[in-house]
file target_15.txt (compact mmCIF, C-alpha atoms and all ligand atoms)
# COMPACT_ATOMS: atom_id res chain seq x y z
CA MET A 21 -25.23 37.11 -3.28
CA LYS A 22 -21.91 36.76 -1.47
CA GLY A 23 -21.04 38.27 1.86
CA LYS A 24 -19.27 37.90 5.18
CA ILE A 25 -20.85 37.18 8.55
CA ILE A 26 -19.89 40.05 10.84
CA LYS A 27 -22.19 39.28 13.76
CA GLY A 28 -24.42 36.52 15.09
CA ILE A 29 -27.13 36.88 17.73
CA GLY A 30 -29.69 34.27 18.74
CA GLY A 31 -29.79 32.37 15.46
CA PHE A 32 -29.61 35.48 13.29
CA TYR A 33 -26.56 36.35 11.29
CA TYR A 34 -25.62 39.74 9.95
CA ILE A 35 -23.97 39.53 6.58
CA LYS A 36 -21.94 42.34 5.10
CA THR A 37 -22.59 42.43 1.36
CA ASP A 38 -22.04 44.94 -1.40
CA GLU A 39 -25.58 46.06 -0.76
CA GLY A 40 -25.15 46.64 2.93
CA VAL A 41 -25.70 44.47 5.98
CA ILE A 42 -28.42 41.85 5.60
CA GLU A 43 -30.00 39.86 8.42
CA CYS A 44 -30.13 36.15 7.65
CA LYS A 45 -31.06 32.82 9.12
CA ALA A 46 -29.14 29.66 8.34
CA ARG A 47 -30.63 26.89 6.25
CA GLY A 48 -31.65 23.82 8.20
CA LYS A 49 -29.28 21.65 6.21
CA PHE A 50 -26.31 23.05 8.11
CA ARG A 51 -27.69 21.57 11.31
CA HIS A 52 -27.72 18.11 9.75
CA LYS A 53 -24.13 18.53 8.69
CA SER A 54 -23.44 19.86 12.19
CA LEU A 55 -21.97 22.87 10.50
CA LYS A 56 -22.71 26.08 12.30
CA PRO A 57 -22.09 29.41 10.60
CA MET A 58 -19.35 31.36 12.35
CA VAL A 59 -18.58 35.05 12.48
CA GLY A 60 -16.00 35.58 9.74
CA ASP A 61 -17.52 33.01 7.40
CA ASN A 62 -17.74 33.90 3.76
CA VAL A 63 -21.22 32.89 2.69
CA GLU A 64 -23.64 32.75 -0.18
CA ILE A 65 -27.04 34.17 0.68
CA LYS A 66 -30.46 34.38 -0.93
CA ILE A 67 -33.48 36.53 -0.26
CA GLU A 68 -36.64 34.44 0.07
CA ASN A 69 -39.99 36.12 0.71
CA GLY A 70 -38.14 39.19 1.85
CA LYS A 71 -35.99 37.23 4.33
CA GLY A 72 -32.30 36.49 4.09
CA VAL A 73 -31.12 32.89 4.14
CA ILE A 74 -27.57 31.54 4.24
CA GLU A 75 -27.31 29.07 1.38
CA ASP A 76 -23.71 28.03 1.53
CA ILE A 77 -20.59 28.49 3.64
CA GLU A 78 -17.20 28.71 1.94
CA GLU A 79 -14.40 26.53 3.22
CA ARG A 80 -12.57 28.20 6.11
CA ASN A 81 -8.88 29.06 6.08
CA SER A 82 -8.78 29.14 9.84
CA GLU A 83 -11.07 28.58 12.80
CA LEU A 84 -10.59 30.18 16.18
CA PHE A 85 -12.56 29.14 19.22
CA ARG A 86 -12.97 31.33 22.28
CA PRO A 87 -13.61 33.67 20.59
CA THR A 88 -15.30 31.85 17.75
CA VAL A 89 -14.21 33.44 14.50
CA ALA A 90 -13.48 32.00 11.08
CA ASN A 91 -10.96 33.14 8.48
CA VAL A 92 -8.79 35.29 10.71
CA THR A 93 -5.73 36.10 8.62
CA ARG A 94 -3.67 38.31 10.88
CA ALA A 95 -2.93 38.84 14.55
CA PHE A 96 -1.44 41.78 16.36
CA VAL A 97 0.39 40.16 19.24
CA VAL A 98 0.39 42.94 21.80
CA PHE A 99 2.88 43.10 24.65
CA ALA A 100 3.89 45.96 26.90
CA MET A 101 7.59 46.78 26.84
CA LYS A 102 7.52 47.53 30.57
CA ASN A 103 5.04 47.28 33.44
CA PRO A 104 4.97 44.32 33.09
CA ASP A 105 8.23 43.32 31.37
CA ILE A 106 7.97 41.17 28.25
CA ASN A 107 7.49 37.53 29.17
CA TYR A 108 9.24 35.83 26.27
CA ASP A 109 7.79 32.40 26.99
CA LEU A 110 4.36 33.90 26.71
CA LEU A 111 5.25 35.86 23.58
CA ASN A 112 6.55 32.69 21.94
CA ARG A 113 3.41 30.86 22.93
CA PHE A 114 1.18 33.45 21.28
CA LEU A 115 3.33 33.33 18.15
CA LEU A 116 3.02 29.55 18.13
CA LEU A 117 -0.75 29.73 18.50
CA CYS A 118 -0.90 32.12 15.54
CA GLU A 119 1.24 29.84 13.37
CA SER A 120 -0.73 26.74 14.26
CA ASN A 121 -3.96 28.53 13.36
CA ASN A 122 -2.62 29.71 10.02
CA ILE A 123 -2.59 33.34 11.15
CA GLU A 124 0.18 35.80 10.26
CA ALA A 125 1.49 37.47 13.41
CA ILE A 126 2.87 40.97 13.83
CA VAL A 127 4.40 41.80 17.20
CA CYS A 128 3.13 45.13 18.55
CA LEU A 129 5.08 46.46 21.50
CA ASN A 130 3.11 48.91 23.57
CA LYS A 131 4.28 51.50 26.09
CA MET A 132 7.25 52.19 23.83
CA ASP A 133 7.92 55.40 25.73
CA LEU A 134 8.98 53.44 28.82
CA VAL A 135 12.21 52.10 27.31
CA SER A 136 15.19 53.65 25.57
CA GLU A 137 15.69 53.68 21.83
CA GLU A 138 18.66 51.38 22.29
CA GLU A 139 16.51 48.85 24.10
CA ARG A 140 13.84 49.03 21.40
CA LYS A 141 16.41 48.39 18.70
CA GLU A 142 17.75 45.37 20.51
CA ILE A 143 14.34 43.79 21.04
CA LYS A 144 13.28 44.51 17.47
CA GLU A 145 16.35 42.74 16.08
CA LYS A 146 15.77 39.75 18.31
CA ILE A 147 12.16 39.35 17.14
CA ASN A 148 12.92 40.11 13.48
CA GLU A 149 15.51 37.34 13.58
CA ILE A 150 12.91 34.71 14.35
CA GLY A 151 10.77 35.91 11.45
CA TYR A 152 8.32 38.49 12.76
CA GLU A 153 7.69 42.13 12.06
CA VAL A 154 7.77 44.47 15.07
CA LEU A 155 5.79 47.68 15.48
CA PHE A 156 6.17 50.05 18.41
CA ILE A 157 3.18 51.83 19.78
CA ASN A 158 1.90 53.94 22.60
CA ALA A 159 -1.76 52.93 22.55
CA LYS A 160 -2.83 55.50 25.11
CA GLU A 161 -1.42 58.40 23.11
CA GLY A 162 -2.33 56.85 19.78
CA ILE A 163 1.32 56.82 18.67
CA GLY A 164 2.18 54.24 16.01
CA VAL A 165 -1.45 53.30 15.58
CA GLU A 166 -1.48 54.45 11.94
CA SER A 167 0.98 51.75 10.92
CA LEU A 168 -1.29 49.17 12.53
CA LYS A 169 -4.27 50.57 10.63
CA GLU A 170 -2.40 50.22 7.36
CA ARG A 171 -1.95 46.54 8.04
CA LEU A 172 -5.66 45.92 8.48
CA GLU A 173 -6.39 46.30 4.78
CA GLY A 174 -7.63 43.09 3.24
CA ASN A 175 -7.30 41.18 6.52
CA VAL A 176 -9.42 39.92 9.35
CA THR A 177 -7.27 40.86 12.33
CA VAL A 178 -7.45 39.65 15.89
CA LEU A 179 -5.55 41.21 18.78
CA CYS A 180 -4.00 38.90 21.31
CA GLY A 181 -1.56 39.11 24.17
CA PRO A 182 -1.51 39.02 27.96
CA SER A 183 -3.77 41.15 30.12
CA GLY A 184 -2.36 44.55 30.90
CA ALA A 185 -0.72 44.87 27.50
CA GLY A 186 -3.27 47.40 26.29
CA LYS A 187 -5.33 45.29 23.88
CA SER A 188 -8.68 46.83 24.79
CA THR A 189 -7.38 50.37 24.47
CA LEU A 190 -5.92 49.46 21.12
CA ILE A 191 -9.10 47.81 19.82
CA ASN A 192 -11.02 50.91 20.82
CA THR A 193 -8.50 53.22 19.17
CA LEU A 194 -8.42 51.18 15.97
CA THR A 195 -12.20 50.97 15.74
CA ASN A 196 -12.79 54.53 16.96
CA ARG A 197 -14.99 53.34 19.76
CA ASP A 198 -15.16 54.94 23.16
CA HIS A 199 -15.41 51.85 25.25
CA MET A 200 -15.55 48.13 25.06
CA GLU A 201 -17.17 45.76 27.47
CA THR A 202 -14.18 43.45 27.56
CA GLY A 203 -14.98 42.07 30.95
CA ASN A 204 -18.53 41.18 30.08
CA VAL A 205 -18.27 39.42 26.77
CA SER A 206 -18.11 36.01 28.35
CA GLU A 207 -20.83 34.41 30.34
CA LYS A 208 -20.09 31.29 32.29
CA ILE A 209 -22.73 28.64 31.89
CA GLY A 210 -22.44 26.44 34.92
CA ARG A 211 -19.30 25.10 36.43
CA GLY A 212 -16.69 23.56 34.17
CA LYS A 213 -18.85 24.15 31.13
CA HIS A 214 -17.86 26.04 28.05
CA THR A 215 -17.84 29.77 27.80
CA THR A 216 -19.88 31.61 25.22
CA ARG A 217 -18.34 34.55 23.50
CA HIS A 218 -20.07 36.63 20.94
CA SER A 219 -17.56 38.31 18.78
CA GLU A 220 -18.20 40.83 16.14
CA LEU A 221 -16.19 42.00 13.18
CA ILE A 222 -15.73 45.75 12.97
CA GLU A 223 -14.94 47.13 9.55
CA VAL A 224 -11.87 49.39 9.50
CA ASN A 225 -9.68 50.43 6.59
CA ASP A 226 -10.97 47.83 4.09
CA GLY A 227 -10.44 45.10 6.62
CA TYR A 228 -11.99 43.79 9.80
CA ILE A 229 -11.02 43.74 13.44
CA VAL A 230 -12.35 41.08 15.80
CA ASP A 231 -13.79 43.03 18.72
CA THR A 232 -12.75 40.39 21.28
CA PRO A 233 -9.12 39.58 22.04
CA GLY A 234 -8.04 36.18 20.73
CA PHE A 235 -6.65 33.06 22.39
CA SER A 236 -8.29 33.13 25.78
CA THR A 237 -6.68 29.74 26.34
CA LEU A 238 -3.00 29.10 25.80
CA GLU A 239 -3.33 25.33 25.47
CA VAL A 240 -1.05 23.82 22.86
CA ASN A 241 -2.15 20.21 23.29
CA PHE A 242 -4.19 20.29 20.08
CA ILE A 243 -0.93 20.55 18.11
CA GLU A 244 0.41 17.26 16.71
CA LYS A 245 3.96 16.80 17.95
CA GLU A 246 5.14 15.99 14.41
CA ASN A 247 3.81 19.35 13.20
CA LEU A 248 5.25 21.55 15.93
CA LYS A 249 8.51 22.25 14.07
CA TYR A 250 6.61 23.73 11.13
CA TYR A 251 5.28 26.49 13.35
CA PHE A 252 8.75 27.91 13.92
CA PRO A 253 9.56 30.06 10.88
CA ASP A 254 13.19 30.26 12.02
CA PHE A 255 13.51 26.47 11.65
CA GLU A 256 12.17 26.41 8.11
CA LYS A 257 15.54 26.38 6.35
CA PHE A 258 16.70 23.41 8.41
CA ASN A 259 13.59 21.28 8.90
CA ASN A 260 14.27 19.03 5.93
CA GLU A 261 18.05 18.87 6.27
CA CYS A 262 18.18 16.36 9.11
CA LYS A 263 19.47 12.83 8.59
CA PHE A 264 16.21 11.22 9.60
CA ARG A 265 13.00 11.99 7.84
CA GLY A 266 10.44 13.09 10.35
CA CYS A 267 13.20 14.25 12.71
CA MET A 268 11.63 16.12 15.62
CA HIS A 269 14.94 17.80 16.49
CA HIS A 270 14.74 16.17 19.87
CA LYS A 271 17.05 13.24 20.61
CA GLU A 272 17.77 12.20 17.03
CA PRO A 273 21.42 12.22 15.85
CA SER A 274 22.65 14.33 12.91
CA CYS A 275 19.98 16.94 13.35
CA ALA A 276 20.29 20.08 11.21
CA VAL A 277 18.31 22.18 13.67
CA LYS A 278 20.54 21.22 16.60
CA ASP A 279 23.58 21.97 14.42
CA ALA A 280 22.14 25.37 13.57
CA VAL A 281 21.64 26.08 17.28
CA GLU A 282 25.29 25.15 17.91
CA LYS A 283 26.42 27.48 15.15
CA GLY A 284 24.24 30.28 16.42
CA GLU A 285 22.05 30.26 13.32
CA ILE A 286 19.00 29.48 15.40
CA ASN A 287 18.43 31.32 18.63
CA LYS A 288 19.19 28.95 21.52
CA TYR A 289 16.29 30.23 23.54
CA ARG A 290 13.87 29.52 20.68
CA TYR A 291 15.12 25.96 20.44
CA GLU A 292 14.74 25.49 24.18
CA PHE A 293 11.23 26.87 23.95
CA TYR A 294 10.56 24.40 21.14
CA LEU A 295 11.82 21.50 23.28
CA ARG A 296 9.77 22.52 26.28
CA THR A 297 6.65 22.79 24.14
CA LEU A 298 7.36 19.45 22.45
CA GLU A 299 7.68 17.79 25.83
CA GLU A 300 4.55 19.50 27.05
CA ILE A 301 2.62 18.13 24.06
CA MET A 302 4.10 14.65 24.47
CA ASN A 303 3.26 14.55 28.16
CA GLY A 304 -0.16 16.12 27.66
CA ARG A 305 0.58 18.64 30.36
CA LYS A 306 -1.67 21.60 30.89
CA TYR A 307 -0.29 25.10 30.75
ZN ZN B 401 16.33 17.43 13.32

call {"tool": "encode", "arguments": {"input": "target_15.txt", "output": "structure tokens", "more": "lines below"}}
Ligand code: ZN
result
Amino acid sequence: MKGKIIKGIGGFYYIKTDEGVIECKARGKFRHKSLKPMVGDNVEIKIENGKGVIEDIEERNSELFRPTVANVTRAFVVFAMKNPDINYDLLNRFLLLCESNNIEAIVCLNKMDLVSEEERKEIKEKINEIGYEVLFINAKEGIGVESLKERLEGNVTVLCGPSGAGKSTLINTLTNRDHMETGNVSEKIGRGKHTTRHSELIEVNDGYIVDTPGFSTLEVNFIEKENLKYYFPDFEKFNNECKFRGCMHHKEPSCAVKDAVEKGEINKYRYEFYLRTLEEIMNGRKY
């Protein structure tokens, strides 16, 4: 029987199947392969002596850590339009993290009521230009939430964004829950040690929402510097047009991306953000 792990607690996994949710343990063989089932995994299970056992784990399309979730396909990148103002460096960083994790990002701008229609239009155009869809919402009032719900279908969606953007409110609205213990999901184990987060997938609209906001760390050092350019959808047309193969659009001559910036075909700010990130990766700096 096939299913999807929606929850894991103390060595037990809860698998959503066509026949409902089944509690399972993992086969010992996974331990030898140092493969641990993750929430979000698509698995093959078997019932043995009335107990569920995970037999096999399908290859993952993506792996997120902190929170630990596999096969996330979509992210709602949530920012407030005001209070606080949009921090574009931060927005670009979240978009980059989505791209590098093979996750399709949709920008959701909350507190839409705090800015004028003119301002909304301007911001929408700017973000559309770099290749992302924009949705406006007022999470508190539930305005615009329907269009987010529509986009859950067939996806495993994570919400990410800075604190104060309204992610928790939005997760609760989308999942029809009254409250969420956002502050308590992590438990520090000793100083400087890793943090454990138990995420759960909540089924909504023929899709799933991760109940914990994604990307608790904004580190980009795991990205190979040669790959960075592929995570900028607005560079795509130009990436292979440079004189030098493997051009990183940095100090190389006859660079198609730099030309496109000159001609205004690539947003100058995006290119500067790219350069800053490239240098950060090359220098191994921490964010
Ligand atoms: Zn180049």

call {"tool": "closest_residue", "arguments": {"input": "target_15.txt", "among": "A:Asn69, A:Ser274, A:Asn158, A:Thr93", "to": "Leu129 (chain A)", "atoms": "all atoms listed in the file"}}
result
A:Asn158

call {"tool": "residues_around", "arguments": {"input": "target_15.txt", "residues": "Ile29 (chain A)", "least_positions_apart": "6", "cutoff": "10 Å", "atoms": "all atoms listed in the file", "output": "VMD selection string"}}
result
chain A and resid 218 to 220

call {"tool": "residues_near_ligand", "arguments": {"input": "target_15.txt", "ligand": "ligand ZN 401 (chain B)", "cutoff": "10 Å", "atoms": "all atoms listed in the file", "output": "CSV table (one decimal) with C-alpha atoms, in the frame of the given file"}}
result
chain,number,residue,atom,x,y,z
A,249,LYS,CA,8.5,22.2,14.1
A,255,PHE,CA,13.5,26.5,11.6
A,258,PHE,CA,16.7,23.4,8.4
A,259,ASN,CA,13.6,21.3,8.9
A,260,ASN,CA,14.3,19.0,5.9
A,261,GLU,CA,18.0,18.9,6.3
A,262,CYS,CA,18.2,16.4,9.1
A,263,LYS,CA,19.5,12.8,8.6
A,264,PHE,CA,16.2,11.2,9.6
A,265,ARG,CA,13.0,12.0,7.8
A,266,GLY,CA,10.4,13.1,10.4
A,267,CYS,CA,13.2,14.2,12.7
A,268,MET,CA,11.6,16.1,15.6
A,269,HIS,CA,14.9,17.8,16.5
A,270,HIS,CA,14.7,16.2,19.9
A,271,LYS,CA,17.0,13.2,20.6
A,272,GLU,CA,17.8,12.2,17.0
A,273,PRO,CA,21.4,12.2,15.8
A,274,SER,CA,22.6,14.3,12.9
A,275,CYS,CA,20.0,16.9,13.4
A,276,ALA,CA,20.3,20.1,11.2
A,277,VAL,CA,18.3,22.2,13.7
A,278,LYS,CA,20.5,21.2,16.6
A,279,ASP,CA,23.6,22.0,14.4
A,280,ALA,CA,22.1,25.4,13.6

call {"tool": "closest_residue", "arguments": {"input": "target_15.txt", "among": "A:Asn103, A:Ser82, A:Ser167, A:Ser136", "to": "Asn121 (chain A)", "atoms": "all atoms listed in the file"}}
result
A:Ser82

call {"tool": "residues_around", "arguments": {"input": "target_15.txt", "residues": "region 151-154 of chain A", "least_positions_apart": "3", "cutoff": "9 Å", "atoms": "all atoms listed in the file", "output": "PDB file with C-alpha atoms, keeping the file's coordinate frame"}}
result
ATOM      1  CA  LEU A 115       3.330  33.330  18.150  1.00  0.00           C
ATOM      2  CA  GLU A 124       0.180  35.800  10.260  1.00  0.00           C
ATOM      3  CA  ALA A 125       1.490  37.470  13.410  1.00  0.00           C
ATOM      4  CA  ILE A 126       2.870  40.970  13.830  1.00  0.00           C
ATOM      5  CA  VAL A 127       4.400  41.800  17.200  1.00  0.00           C
ATOM      6  CA  CYS A 128       3.130  45.130  18.550  1.00  0.00           C
ATOM      7  CA  LEU A 129       5.080  46.460  21.500  1.00  0.00           C
ATOM      8  CA  ILE A 143      14.340  43.790  21.040  1.00  0.00           C
ATOM      9  CA  LYS A 144      13.280  44.510  17.470  1.00  0.00           C
ATOM     10  CA  GLU A 145      16.350  42.740  16.080  1.00  0.00           C
ATOM     11  CA  ILE A 147      12.160  39.350  17.140  1.00  0.00           C
ATOM     12  CA  ASN A 148      12.920  40.110  13.480  1.00  0.00           C
ATOM     13  CA  PHE A 252       8.750  27.910  13.920  1.00  0.00           C
ATOM     14  CA  PRO A 253       9.560  30.060  10.880  1.00  0.00           C
ATOM     15  CA  ASP A 254      13.190  30.260  12.020  1.00  0.00           C
TER      16      ASP A 254
END

call {"tool": "atom_distance", "arguments": {"input": "target_15.txt", "atom1": "CA of Ile26 (chain A)", "atom2": "CA of Arg113 (chain A)"}}
result
27.8 Å
